[in-house]
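Student: To start, I am sharing the structure in question, which I have written as structure tokens.
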Amino acid sequence: MLKSNTQQQKNILNTVIGALPDNRPITSLQLVEEFERCPANFLPINKTYDQDQDADLWREKLLIGKRTTRYLCLSKTEGLPDYIVETLKIINEKENVPDGFSQLTRTADTEQKAWRKKQLVYRLAKKGTANQAVTDIILCSRLRQAPEGFTLAGDINGILVCFKMSSIPHRPSPSVPIQQSITDIAKTIENLKMQSNHDKSLPETQDHEYVQLLSTYQLSPKGTTPKPRLYSTGTLSLHTDVEGVPFLLNSALKQCNSKFPVIYELSGTQMEYDFELERQVLCTTKSQNSQIKNPFFH
């Protein structure tokens, strides 16, 4: 059931996309003898627009022998990169191709002669230089003039060739030139450098006791093991990253009129503490542990 719903949604989406107009410019044209052998990424025009009849452009009447056919194919993805079909027209077979126009001389599938009596020629333009481009081509077998919205290119052996022109939107050019942007970035970097040098030249403040390191303190190079110190700032005899940094109070705390005495002004008697209680607890704990581990203890 889920698969059926998914397939149904996909079919609906394809139908909607197929109904939407494709206003992309045509980028390449080809001619084939058999429309079933149309080149990849090309769409053959094998039916007329007005009567849904065979859109053969050769249209040679033969009572006996193999019938020769020619079908026009168009693509909106193939061709020269960044080039589009700007316009097209019909000329006589032996007429000189106008300046700037291109012609199809052979069929893409069989390498046979492309046209008889008349031929279709087209002009390419680079994207960004043309304001309009050909976005659709139709062939009419009964109409004698182009339908509304189309332009008549001419007829080939009784078939009208009509094309649709559409405007090509252009991206607005950047308001700031690239060179100017690079200059602005360079100025910004230079200003940052000047600001950094200015900050380094500022005089040091009087409250520098927190940032001043001992002369013996040095950072160890990357990848090397620091030398062991004879002193340690922690409770364990291990080297830490703050060794050599003096423990000093901020000068603002020195001037604070607090009820509590400053640590470095404490007398010897104030700093004394009796650890007798801790010793008794430690001895009692060790005694209990030794009794538990003794297998002969009852």
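In the structure tokens, the first chain shown is A, the next is B, and so on; residue numbers restart at 1 for each chain, and ligands run from 1 in the order shown.
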So that I can check the secondary structure, give me every residue of stretch 7-149 of chain A assigned strand (DSSP E) by backbone DSSP, as a PyMOL selection string.
Tutor: chain A and resi 28-32+43-45+71-75+83-92+101-103+118-126+132-140
Student: Name the residues in contact with stretch 82-96 of chain A at a cut-off of 7 Å, using only C-alpha atoms, excluding same-chain residues fewer than 4 positions from it; report them as a short mmCIF file (atom, residue, chain, number, x, y, z; two decimals) with C-alpha atoms, in the first residue's frame.
Tutor:
```
data_model
loop_
_atom_site.label_atom_id
_atom_site.label_comp_id
_atom_site.auth_asym_id
_atom_site.auth_seq_id
_atom_site.Cartn_x
_atom_site.Cartn_y
_atom_site.Cartn_z
CA PRO A 25 17.21 28.44 -23.77
CA ILE A 26 17.99 25.86 -26.42
CA THR A 27 21.71 25.15 -26.55
CA SER A 28 22.10 22.79 -29.52
CA ARG A 116 17.13 19.28 -49.79
CA LYS A 117 15.94 22.54 -51.37
CA LYS A 118 15.93 24.48 -48.05
CA GLN A 119 17.78 24.32 -44.76
CA LEU A 120 17.62 25.67 -41.23
CA VAL A 121 20.48 27.81 -39.88
CA TYR A 122 20.91 29.22 -36.38
CA ARG A 123 23.04 31.72 -34.52
CA LEU A 124 24.73 31.06 -31.20
CA ALA A 125 25.44 33.65 -28.54
CA LYS A 126 27.43 33.48 -25.34
CA LYS A 127 25.44 33.50 -22.14
CA GLN A 132 16.75 36.90 -25.66
CA ALA A 133 17.13 33.31 -26.78
CA VAL A 134 15.16 30.56 -28.51
CA ALA A 153 11.43 31.28 -39.34
CA GLY A 154 10.16 30.05 -42.73
CA ASP A 155 9.00 26.79 -44.30
#
```
Student: Give me, as a list in words, all polymer residues having an atom no more than 9 Å from A:Arg59, counting only C-alpha atoms and skipping those fewer than 4 positions away in the same chain.
Tutor: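 Surrounding residues, per the criterion: Ala55, Thr68, Thr69, Arg70, Ile156, Asn157, Gly158 and Ile159 of chain A.
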Student: Using only C-alpha atoms, can you tell me which of A:Glu78, A:Asp50, A:Asp109, A:Glu60 comes closest to A:Arg142?
Tutor: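 Among the listed residues, A:Asp50 lies closest to A:Arg142.
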Student: For A:Thr77, which residue out of A:Asn23, A:Asn191, A:Gln145, A:Asn41 is the nearest one, using only C-alpha atoms?
Tutor: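 Comparing A:Asn23, A:Asn191, A:Gln145, A:Asn41 against A:Thr77, the winner is A:Asn41.
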Student: Of the candidates A:Gly128, A:Pro169, A:Gly149, A:Pro44, which one gets nearest to A:Cys73 if we count only C-alpha atoms?
Tutor: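 That would be A:Pro44, the residue with the smallest distance to A:Cys73.
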Student: In Å to one decimal, how far is atom CA of A:Val32 from atom CA of A:Thr107?
Tutor: 4.7 Å
Student: Leaving out A:Thr151 and any residue of its chain fewer than 4 positions from it, which residues lie within 7 Å of it when counting only C-alpha atoms, given as a PyMOL selection string?
Tutor: chain A and resi 146+162-164
Student: Rank A:Leu63, A:Ile189, A:Asp136, A:Arg144 by their smallest atom-to-atom distance to A:Ser166, using only C-alpha atoms, and report the top residue only.
Tutor: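 Distance minimum relative to A:Ser166 lands on A:Asp136.
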Student: Hey, can you check how far atom CA of A:Glu36 sits from atom CA of A:Asp54?
Tutor: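 Result for atom CA of A:Glu36 versus atom CA of A:Asp54: 13.2 Å, one decimal.
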